[in-house]
>>> print(open('entry18.cif').read())   # mmCIF, C-alpha atoms
data_upload
#
loop_
_atom_site.label_atom_id
_atom_site.label_comp_id
_atom_site.auth_asym_id
_atom_site.auth_seq_id
_atom_site.Cartn_x
_atom_site.Cartn_y
_atom_site.Cartn_z
CA MET G 257 -76.85 50.77 -45.11
CA VAL G 258 -78.09 54.34 -45.51
CA SER G 259 -76.36 56.20 -48.33
CA PHE G 260 -75.69 59.89 -47.81
CA HIS G 261 -76.36 62.27 -50.68
CA GLY G 262 -78.14 65.53 -51.45
CA VAL G 263 -78.76 68.38 -49.06
CA ILE G 264 -78.60 67.50 -45.36
CA PRO G 265 -78.98 70.52 -43.07
CA ALA G 266 -77.70 70.45 -39.51
CA HIS G 267 -80.52 72.10 -37.60
CA LEU G 268 -80.13 74.97 -35.15
CA LEU G 269 -81.40 74.69 -31.58
CA PRO G 270 -83.73 77.39 -30.24
CA PHE G 271 -83.57 78.01 -26.49
CA THR G 272 -86.12 79.58 -24.18
CA GLU G 273 -85.26 82.76 -22.30
CA ASP G 274 -84.04 80.64 -19.37
CA LEU G 275 -81.82 78.69 -21.82
CA GLN G 276 -83.72 75.42 -21.88
CA ILE G 277 -84.48 73.54 -25.10
CA ASP G 278 -87.38 75.33 -26.79
CA GLU G 279 -89.24 72.29 -28.09
CA THR G 280 -92.02 74.28 -29.76
CA ASN G 281 -89.64 76.36 -31.85
CA LEU G 282 -87.34 73.39 -32.51
CA ARG G 283 -90.25 71.45 -33.99
CA ARG G 284 -91.31 74.49 -35.99
CA HIS G 285 -87.76 74.84 -37.34
CA LEU G 286 -87.56 71.15 -38.25
CA ARG G 287 -90.89 71.22 -40.07
CA ALA G 288 -89.72 74.16 -42.16
CA LEU G 289 -86.58 72.25 -43.18
CA LEU G 290 -88.51 69.09 -43.97
CA ASP G 291 -91.01 71.00 -46.10
CA VAL G 292 -88.25 71.91 -48.58
CA GLU G 293 -88.30 69.45 -51.45
CA GLY G 294 -84.80 68.11 -51.92
CA VAL G 295 -83.83 67.83 -48.25
CA THR G 296 -82.48 64.28 -47.93
CA GLY G 297 -81.60 64.12 -44.24
CA ILE G 298 -81.43 66.01 -40.96
CA THR G 299 -78.38 66.22 -38.71
CA THR G 300 -78.78 66.76 -34.97
CA ASN G 301 -76.46 67.05 -31.96
CA ALA G 302 -73.89 68.90 -34.05
CA HIS G 303 -72.15 72.29 -33.96
CA ALA G 304 -75.28 74.00 -35.27
CA SER G 305 -77.33 72.76 -32.33
CA GLU G 306 -74.67 73.87 -29.82
CA VAL G 307 -73.91 70.28 -28.82
CA ALA G 308 -70.95 71.37 -26.70
CA THR G 309 -73.35 73.02 -24.24
CA LEU G 310 -75.80 70.12 -24.00
CA THR G 311 -75.86 67.51 -21.27
CA ALA G 312 -76.11 63.84 -22.23
CA ASP G 313 -79.80 63.90 -21.27
CA GLU G 314 -80.40 66.96 -23.44
CA GLN G 315 -78.66 65.33 -26.38
CA ARG G 316 -80.91 62.29 -26.03
CA ARG G 317 -83.98 64.49 -25.70
CA GLN G 318 -83.04 66.50 -28.77
CA LEU G 319 -82.56 63.31 -30.80
CA ASP G 320 -85.95 62.02 -29.63
CA ILE G 321 -87.65 65.26 -30.71
CA VAL G 322 -85.97 65.17 -34.12
CA LEU G 323 -86.86 61.51 -34.68
CA ASP G 324 -90.46 62.19 -33.71
CA GLU G 325 -90.78 65.20 -35.99
CA VAL G 326 -89.00 63.57 -38.93
CA ALA G 327 -91.11 60.40 -38.53
CA GLY G 328 -89.10 58.43 -41.08
CA ARG G 329 -89.37 60.95 -43.92
CA VAL G 330 -85.58 61.22 -44.24
CA PRO G 331 -82.58 59.71 -42.42
CA VAL G 332 -81.62 61.29 -39.10
CA ILE G 333 -77.89 61.64 -38.43
CA SER G 334 -76.84 62.15 -34.82
CA GLY G 335 -73.55 63.71 -33.80
CA VAL G 336 -71.02 61.85 -31.68
CA TYR G 337 -69.24 64.63 -29.82
CA GLN G 338 -66.99 63.31 -27.07
CA ASP G 339 -63.31 63.35 -26.17
CA GLY G 340 -62.72 59.71 -25.18
CA SER G 341 -63.20 56.87 -27.67
CA ALA G 342 -65.07 54.64 -25.21
CA LYS G 343 -67.38 57.50 -24.24
CA ALA G 344 -67.97 58.27 -27.90
CA ALA G 345 -68.82 54.62 -28.51
CA ARG G 346 -71.46 54.74 -25.77
CA ILE G 347 -73.05 57.82 -27.32
CA ALA G 348 -73.11 56.06 -30.68
CA ALA G 349 -74.73 52.94 -29.26
CA GLU G 350 -77.36 55.04 -27.48
CA ALA G 351 -78.14 56.92 -30.69
CA GLU G 352 -78.65 53.65 -32.53
CA ALA G 353 -80.92 52.35 -29.76
CA ALA G 354 -82.96 55.56 -29.95
CA GLY G 355 -83.52 55.11 -33.69
CA ALA G 356 -80.89 57.26 -35.45
CA ASP G 357 -80.04 56.26 -39.01
CA GLY G 358 -76.43 57.43 -39.05
CA LEU G 359 -73.68 59.08 -37.02
CA LEU G 360 -71.57 62.19 -37.57
CA VAL G 361 -68.34 61.47 -35.72
CA PHE G 362 -66.46 64.54 -34.48
CA PRO G 363 -62.70 64.38 -33.91
CA THR G 364 -61.69 64.12 -30.29
CA VAL G 365 -59.90 67.16 -28.88
CA VAL G 366 -57.09 64.79 -27.92
CA PHE G 367 -56.06 65.02 -31.60
CA GLU G 368 -55.09 68.65 -30.98
CA GLY G 369 -51.81 67.55 -29.43
CA GLY G 370 -50.38 66.14 -32.65
CA ALA G 371 -52.44 63.16 -33.77
CA GLN G 372 -51.37 63.87 -37.36
CA LEU G 373 -48.07 62.19 -36.39
CA ARG G 374 -49.98 59.20 -34.99
CA PRO G 375 -52.60 58.32 -37.64
CA GLU G 376 -53.39 55.07 -35.84
CA MET G 377 -55.14 57.23 -33.22
CA ALA G 378 -57.83 58.33 -35.67
CA VAL G 379 -58.23 54.82 -37.04
CA SER G 380 -58.58 53.42 -33.52
CA HIS G 381 -61.09 56.11 -32.54
CA TYR G 382 -63.37 55.26 -35.45
CA ALA G 383 -62.85 51.52 -34.98
CA THR G 384 -63.88 51.72 -31.32
CA ILE G 385 -67.09 53.49 -32.28
CA ALA G 386 -67.73 51.06 -35.14
CA ASP G 387 -67.44 48.13 -32.74
CA ALA G 388 -70.28 49.59 -30.66
CA THR G 389 -72.81 50.22 -33.44
CA SER G 390 -73.86 49.00 -36.86
CA LEU G 391 -74.86 52.50 -38.00
CA PRO G 392 -73.09 54.11 -40.98
CA MET G 393 -70.69 56.83 -39.93
CA ILE G 394 -69.71 60.17 -41.43
CA ALA G 395 -66.11 61.17 -40.77
CA PHE G 396 -65.82 64.88 -39.95
CA VAL G 397 -62.80 66.51 -41.62
CA TYR G 398 -61.85 69.72 -39.81
CA PRO G 399 -60.06 72.74 -41.36
CA ALA G 400 -56.60 72.13 -42.75
CA THR G 401 -55.22 74.63 -40.22
CA SER G 402 -56.79 72.84 -37.23
CA GLY G 403 -55.00 70.49 -34.87
CA LEU G 404 -58.11 68.30 -35.15
CA ARG G 405 -57.69 67.73 -38.89
CA LEU G 406 -57.36 64.39 -40.64
CA ASP G 407 -54.83 64.50 -43.46
CA THR G 408 -55.61 62.72 -46.71
CA ASP G 409 -53.58 59.59 -45.97
CA THR G 410 -55.24 59.17 -42.57
CA LEU G 411 -58.68 59.77 -44.06
CA VAL G 412 -58.01 57.06 -46.65
CA ARG G 413 -56.98 54.65 -43.89
CA VAL G 414 -60.12 55.37 -41.88
CA CYS G 415 -62.36 54.86 -44.92
CA SER G 416 -60.47 51.79 -46.12
CA GLU G 417 -60.15 49.96 -42.81
CA ILE G 418 -63.57 50.72 -41.30
CA PRO G 419 -66.35 49.62 -43.67
CA THR G 420 -69.14 51.45 -41.81
CA VAL G 421 -67.54 54.82 -42.60
CA ALA G 422 -69.90 55.67 -45.44
CA ALA G 423 -69.27 59.39 -45.96
CA VAL G 424 -67.01 62.33 -45.21
CA LYS G 425 -68.14 65.79 -44.11
CA GLU G 426 -65.45 67.86 -45.81
CA TRP G 427 -64.78 71.07 -43.90
CA SER G 428 -61.10 71.51 -44.69
CA ASN G 429 -61.76 75.11 -45.83
CA ASP G 430 -58.84 74.64 -48.21
CA ILE G 431 -59.83 74.04 -51.82
CA VAL G 432 -56.53 72.23 -52.54
CA ALA G 433 -57.01 69.89 -49.57
CA TYR G 434 -60.66 69.46 -50.57
CA GLU G 435 -59.76 68.33 -54.08
CA ARG G 436 -57.02 66.05 -52.75
CA ASN G 437 -59.50 64.40 -50.38
CA LEU G 438 -62.15 64.15 -53.10
CA ARG G 439 -59.80 62.43 -55.52
CA ALA G 440 -58.55 60.06 -52.83
CA LEU G 441 -62.09 59.03 -51.89
CA ARG G 442 -63.02 58.51 -55.54
CA SER G 443 -60.07 56.12 -55.91
CA LEU G 444 -61.25 53.75 -53.15
CA ASP G 445 -62.60 50.35 -54.06
CA ARG G 446 -65.97 51.14 -52.45
CA PRO G 447 -68.20 54.20 -52.56
CA VAL G 448 -67.68 56.79 -49.82
CA SER G 449 -69.82 59.92 -50.19
CA LEU G 450 -68.24 63.33 -49.96
CA LEU G 451 -70.50 65.94 -48.38
CA SER G 452 -69.27 69.50 -48.74
CA SER G 453 -69.33 71.78 -45.71
CA PHE G 454 -67.33 74.47 -47.52
CA SER G 455 -70.03 77.05 -46.80
CA ARG G 456 -68.05 80.18 -47.75
CA SER G 457 -66.97 78.69 -51.08
CA LEU G 458 -69.75 76.20 -51.68
CA LEU G 459 -70.08 76.69 -55.43
CA ALA G 460 -66.39 76.02 -56.05
CA SER G 461 -66.45 72.83 -53.98
CA LEU G 462 -69.58 71.52 -55.69
CA VAL G 463 -68.16 72.19 -59.15
CA LEU G 464 -65.11 70.07 -58.28
CA GLY G 465 -67.51 67.31 -57.27
CA ALA G 466 -69.58 66.34 -54.24
CA ASP G 467 -72.32 63.90 -53.39
CA GLY G 468 -74.13 66.44 -51.27
CA ILE G 469 -73.99 69.24 -48.71
CA LEU G 470 -73.95 68.80 -44.92
CA SER G 471 -73.91 72.18 -43.23
CA GLY G 472 -75.42 74.17 -40.40
CA HIS G 473 -75.82 77.00 -42.89
CA GLY G 474 -78.53 74.86 -44.47
CA SER G 475 -80.70 75.70 -41.50
CA LEU G 476 -80.93 79.21 -42.91
CA VAL G 477 -80.58 78.78 -46.70
CA VAL G 478 -81.59 75.17 -47.33
CA ASP G 479 -83.89 76.06 -50.22
CA LEU G 480 -81.05 77.86 -51.99
CA GLN G 481 -78.63 75.02 -51.24
CA VAL G 482 -81.05 72.61 -52.95
CA GLU G 483 -81.26 74.92 -55.98
CA LEU G 484 -77.49 75.25 -56.11
CA PHE G 485 -76.85 71.52 -55.79
CA ARG G 486 -79.38 70.72 -58.52
CA ALA G 487 -77.97 73.35 -60.87
CA VAL G 488 -74.46 71.93 -60.50
CA GLU G 489 -75.78 68.39 -61.02
CA LYS G 490 -77.32 69.58 -64.29
CA GLN G 491 -74.04 71.34 -65.15
CA ASP G 492 -75.97 74.59 -65.49
CA LEU G 493 -73.16 76.88 -64.36
CA GLY G 494 -75.06 80.06 -65.16
CA GLU G 495 -77.94 79.08 -62.88
CA ALA G 496 -75.51 77.88 -60.22
CA ARG G 497 -73.79 81.26 -60.22
CA ARG G 498 -77.10 83.08 -59.94
CA VAL G 499 -78.06 81.01 -56.89
CA TRP G 500 -74.61 81.36 -55.35
CA ASP G 501 -74.78 85.14 -55.75
CA ARG G 502 -77.75 85.04 -53.36
CA ILE G 503 -76.11 82.68 -50.86
CA GLN G 504 -72.62 84.18 -50.76
CA PRO G 505 -73.39 87.46 -48.91
CA VAL G 506 -75.35 85.51 -46.30
CA ALA G 507 -72.47 83.07 -45.85
CA GLU G 508 -70.02 85.94 -45.44
CA ALA G 509 -72.25 87.63 -42.85
CA CYS G 510 -72.76 84.40 -40.88
CA TYR G 511 -69.16 83.15 -40.96
CA ALA G 512 -67.36 86.45 -40.35
CA ASP G 513 -64.79 86.59 -37.56
CA PRO G 514 -65.07 85.46 -34.88
CA PHE G 515 -66.10 82.19 -36.48
CA LEU G 516 -67.47 80.86 -33.19
CA ASP G 517 -70.50 83.16 -33.57
CA GLY G 518 -71.54 81.57 -36.87
CA HIS G 519 -74.53 79.59 -35.68
CA ASN G 520 -75.36 82.35 -33.20
CA ARG G 521 -75.74 84.69 -36.18
CA MET G 522 -77.84 82.14 -38.08
CA LYS G 523 -80.30 82.01 -35.18
CA VAL G 524 -80.51 85.79 -35.23
CA ALA G 525 -81.30 85.67 -38.94
CA LEU G 526 -83.98 83.01 -38.37
CA ALA G 527 -85.56 85.21 -35.72
CA GLN G 528 -85.41 88.26 -38.02
CA LEU G 529 -87.24 86.21 -40.65
CA GLY G 530 -89.89 85.16 -38.14
CA ARG G 531 -88.96 81.48 -38.37
CA ILE G 532 -88.20 81.17 -34.64
CA ASP G 533 -89.32 83.40 -31.78
CA ALA G 534 -85.92 84.34 -30.34
CA ALA G 535 -82.18 83.79 -30.80
CA HIS G 536 -80.99 82.90 -27.31
CA VAL G 537 -77.58 81.19 -27.01
CA ARG G 538 -75.91 79.48 -24.09
CA PRO G 539 -72.69 80.81 -22.55
CA PRO G 540 -69.87 81.06 -23.23
CA LEU G 541 -71.52 82.38 -26.43
CA GLN G 542 -72.89 85.89 -26.09
CA PRO G 543 -75.54 87.82 -28.05
CA VAL G 544 -74.28 89.45 -31.23
CA SER G 545 -74.04 93.22 -31.52
CA ASP G 546 -76.61 95.55 -33.03
CA THR G 547 -74.18 96.27 -35.86
CA GLU G 548 -73.98 92.58 -36.73
CA ARG G 549 -77.75 92.27 -36.54
CA ALA G 550 -78.05 95.05 -39.11
CA THR G 551 -75.51 93.32 -41.36
CA LEU G 552 -77.44 90.05 -41.11
CA ARG G 553 -80.74 91.74 -41.85
CA ALA G 554 -79.32 93.35 -44.97
CA ALA G 555 -77.84 90.04 -46.16
CA VAL G 556 -81.03 88.02 -45.73
CA GLU G 557 -83.10 90.75 -47.39
CA ARG G 558 -80.71 90.85 -50.34
CA ALA G 559 -80.98 87.05 -50.64
CA GLU G 560 -84.79 87.26 -50.48
CA LEU G 561 -84.95 84.40 -47.98
CA PRO G 562 -88.44 83.13 -47.17
CA ARG G 563 -90.12 84.42 -44.03
CA GLY G 564 -91.82 82.28 -41.44
#
>>> encode(input="entry18.cif", output="structure tokens")
Amino acid sequence: MVSFHGVIPAHLLPFTEDLQIDETNLRRHLRALLDVEGVTGITTNAHASEVATLTADEQRRQLDIVLDEVAGRVPVISGVYQDGSAKAARIAAEAEAAGADGLLVFPTVVFEGGAQLRPEMAVSHYATIADATSLPMIAFVYPATSGLRLDTDTLVRVCSEIPTVAAVKEWSNDIVAYERNLRALRSLDRPVSLLSSFSRSLLASLVLGADGILSGHGSLVVDLQVELFRAVEKQDLGEARRVWDRIQPVAEACYADPFLDGHNRMKVALAQLGRIDAAHVRPPLQPVSDTERATLRAAVERAELPRG
């Protein structure tokens, strides 16, 4: 089974002016990520690639492009983004048949209605997907304030009862919940990787402990994420702080309210850096304002991010 560790960016998805998948710029973007030494995987069909706006055919096409460009250099993790458990299981089986190495399983929106009071729902959702595929799965932990969250006890059940759950993408955005989840995972009788997605407080989460980083923000700052992760591994806190001081203003600019524009802003920054040709997004997302573009430009210049 693939083990998940290190820095695993979730790539962005460039669109053409008529809002079709821009394969040329997608491949260009992927090559830039893969050229960074220390990248240990690529995640596709996730929030960063605007999976909610993609048809099933587009999701399959995107996965095919990523697999072709990666060509076995690192594991490819494909998102399973679907409301119904049976439909999610079909997506998972199709991803395995296409050649994916792992799955990032999103919570179903059905959880929004109070699944925290019915933890067997989350266990059943993951079990249904596990029955359809042999691929290792990453459980996606949503913010502690979200109706889609998994609390610590439920997360432990999922990881304990479903052996193909090999990692957790920890996006609780609550450092207390993060540490609680981390300690619970470390107490299991088998290894389950914790991948931080705490992009606005990444240094703090890594210092507490993490096996890696899985984040859409890596599409923009993956080189700095690698430096930060390595510095924390070496327990070089001074170096880690210096790297974080470069990342933090970019994270704040990208993840400002409204949060839903986060990956939209990252595409703008990529275009400003000349790494993709344009930053088109599909509705209901809308282009960001000129004021935000100026804020992003200042942040990426301050961080001295590489140009394309």
>>> resolve_selection(input="entry18.cif", expression="the PyMOL selection byres ((chain G and resi 518-526) around 8)", output="MDAnalysis selection string")
chainID G and resid 268 270 303:304 472:473 475:476 510:512 514:517 527:532 534:537 541 543:544 549 552:553 556
>>> closest_residue(input="entry18.cif", among="G:Val361, G:Ala302, G:Thr401, G:Ile385", to="G:Val424", atoms="all atoms listed in the file")
G:Val361
>>> resolve_selection(input="entry18.cif", expression="the PyMOL selection byres ((chain G and resi 436) around 12)", output="PyMOL selection string")
chain G and resi 400+407-409+411-412+426+428+430-435+437-443+450+461+464-465
>>> resolve_selection(input="entry18.cif", expression="the PyMOL selection byres ((chain G and resi 559) around 9)", output="list in words")
Asp501, Arg502, Ile503, Gln504, Pro505, Val506, Ala554, Ala555, Val556, Glu557, Arg558, Glu560 and Leu561 of chain G
>>> residues_near_point(input="entry18.cif", point="(-77.4, 51.2, -43.7)", cutoff="10 Å", atoms="all atoms listed in the file", output="PyMOL selection string")
chain G and resi 257-260+357-358+390-393+420+422
>>> closest_residue(input="entry18.cif", among="G:Gly474, G:Gly355, G:Gly369, G:Gly340", to="G:Arg316", atoms="all atoms listed in the file")
G:Gly355
>>> atom_distance(input="entry18.cif", atom1="atom CA of G:Asp291", atom2="atom CA of G:Val482")
12.2 Å
>>> axis_aligned_box(input="entry18.cif", around="stretch 363-372 of chain G", padding_each_side="4 Å", output="JSON")
{"center_x": -56.5, "center_y": 65.9, "center_z": -32.6, "size_x": 20.3, "size_y": 13.5, "size_z": 17.4}
>>> closest_residue(input="entry18.cif", among="G:Leu444, G:Leu484, G:Leu493, G:Val336", to="G:Phe396", atoms="all atoms listed in the file")
G:Val336
>>> atom_distance(input="entry18.cif", atom1="atom CA of G:Glu279", atom2="atom CA of G:Val330")
19.9 Å
>>> closest_residue(input="entry18.cif", among="G:Asp479, G:Val463, G:Ala423, G:Arg538", to="G:Gln276", atoms="all atoms listed in the file")
G:Arg538
>>> atom_distance(input="entry18.cif", atom1="atom CA of G:Thr299", atom2="atom CA of G:Ile264")
6.8 Å
>>> closest_residue(input="entry18.cif", among="G:Ala371, G:Glu376, G:Ile321, G:Ala342", to="G:Ala354", atoms="all atoms listed in the file")
G:Ile321
>>> residues_around(input="entry18.cif", residues="G:Ala378", least_positions_apart="2", cutoff="12 Å", atoms="all atoms listed in the file", output="PDB file with C-alpha atoms, in the frame of the given file")
ATOM      1  CA  GLY G 340     -62.720  59.710 -25.180  1.00  0.00           C
ATOM      2  CA  SER G 341     -63.200  56.870 -27.670  1.00  0.00           C
ATOM      3  CA  VAL G 361     -68.340  61.470 -35.720  1.00  0.00           C
ATOM      4  CA  PHE G 362     -66.460  64.540 -34.480  1.00  0.00           C
ATOM      5  CA  PRO G 363     -62.700  64.380 -33.910  1.00  0.00           C
ATOM      6  CA  THR G 364     -61.690  64.120 -30.290  1.00  0.00           C
ATOM      7  CA  VAL G 365     -59.900  67.160 -28.880  1.00  0.00           C
ATOM      8  CA  VAL G 366     -57.090  64.790 -27.920  1.00  0.00           C
ATOM      9  CA  PHE G 367     -56.060  65.020 -31.600  1.00  0.00           C
ATOM     10  CA  GLU G 368     -55.090  68.650 -30.980  1.00  0.00           C
ATOM     11  CA  GLY G 370     -50.380  66.140 -32.650  1.00  0.00           C
ATOM     12  CA  ALA G 371     -52.440  63.160 -33.770  1.00  0.00           C
ATOM     13  CA  GLN G 372     -51.370  63.870 -37.360  1.00  0.00           C
ATOM     14  CA  LEU G 373     -48.070  62.190 -36.390  1.00  0.00           C
ATOM     15  CA  ARG G 374     -49.980  59.200 -34.990  1.00  0.00           C
ATOM     16  CA  PRO G 375     -52.600  58.320 -37.640  1.00  0.00           C
ATOM     17  CA  GLU G 376     -53.390  55.070 -35.840  1.00  0.00           C
ATOM     18  CA  SER G 380     -58.580  53.420 -33.520  1.00  0.00           C
ATOM     19  CA  HIS G 381     -61.090  56.110 -32.540  1.00  0.00           C
ATOM     20  CA  TYR G 382     -63.370  55.260 -35.450  1.00  0.00           C
ATOM     21  CA  ALA G 383     -62.850  51.520 -34.980  1.00  0.00           C
ATOM     22  CA  THR G 384     -63.880  51.720 -31.320  1.00  0.00           C
ATOM     23  CA  ILE G 385     -67.090  53.490 -32.280  1.00  0.00           C
ATOM     24  CA  ALA G 395     -66.110  61.170 -40.770  1.00  0.00           C
ATOM     25  CA  PHE G 396     -65.820  64.880 -39.950  1.00  0.00           C
ATOM     26  CA  VAL G 397     -62.800  66.510 -41.620  1.00  0.00           C
ATOM     27  CA  LEU G 404     -58.110  68.300 -35.150  1.00  0.00           C
ATOM     28  CA  ARG G 405     -57.690  67.730 -38.890  1.00  0.00           C
ATOM     29  CA  LEU G 406     -57.360  64.390 -40.640  1.00  0.00           C
ATOM     30  CA  ASP G 407     -54.830  64.500 -43.460  1.00  0.00           C
ATOM     31  CA  ASP G 409     -53.580  59.590 -45.970  1.00  0.00           C
ATOM     32  CA  THR G 410     -55.240  59.170 -42.570  1.00  0.00           C
ATOM     33  CA  LEU G 411     -58.680  59.770 -44.060  1.00  0.00           C
ATOM     34  CA  VAL G 412     -58.010  57.060 -46.650  1.00  0.00           C
ATOM     35  CA  ARG G 413     -56.980  54.650 -43.890  1.00  0.00           C
ATOM     36  CA  VAL G 414     -60.120  55.370 -41.880  1.00  0.00           C
ATOM     37  CA  CYS G 415     -62.360  54.860 -44.920  1.00  0.00           C
ATOM     38  CA  GLU G 417     -60.150  49.960 -42.810  1.00  0.00           C
ATOM     39  CA  ILE G 418     -63.570  50.720 -41.300  1.00  0.00           C
TER      40      ILE G 418
END
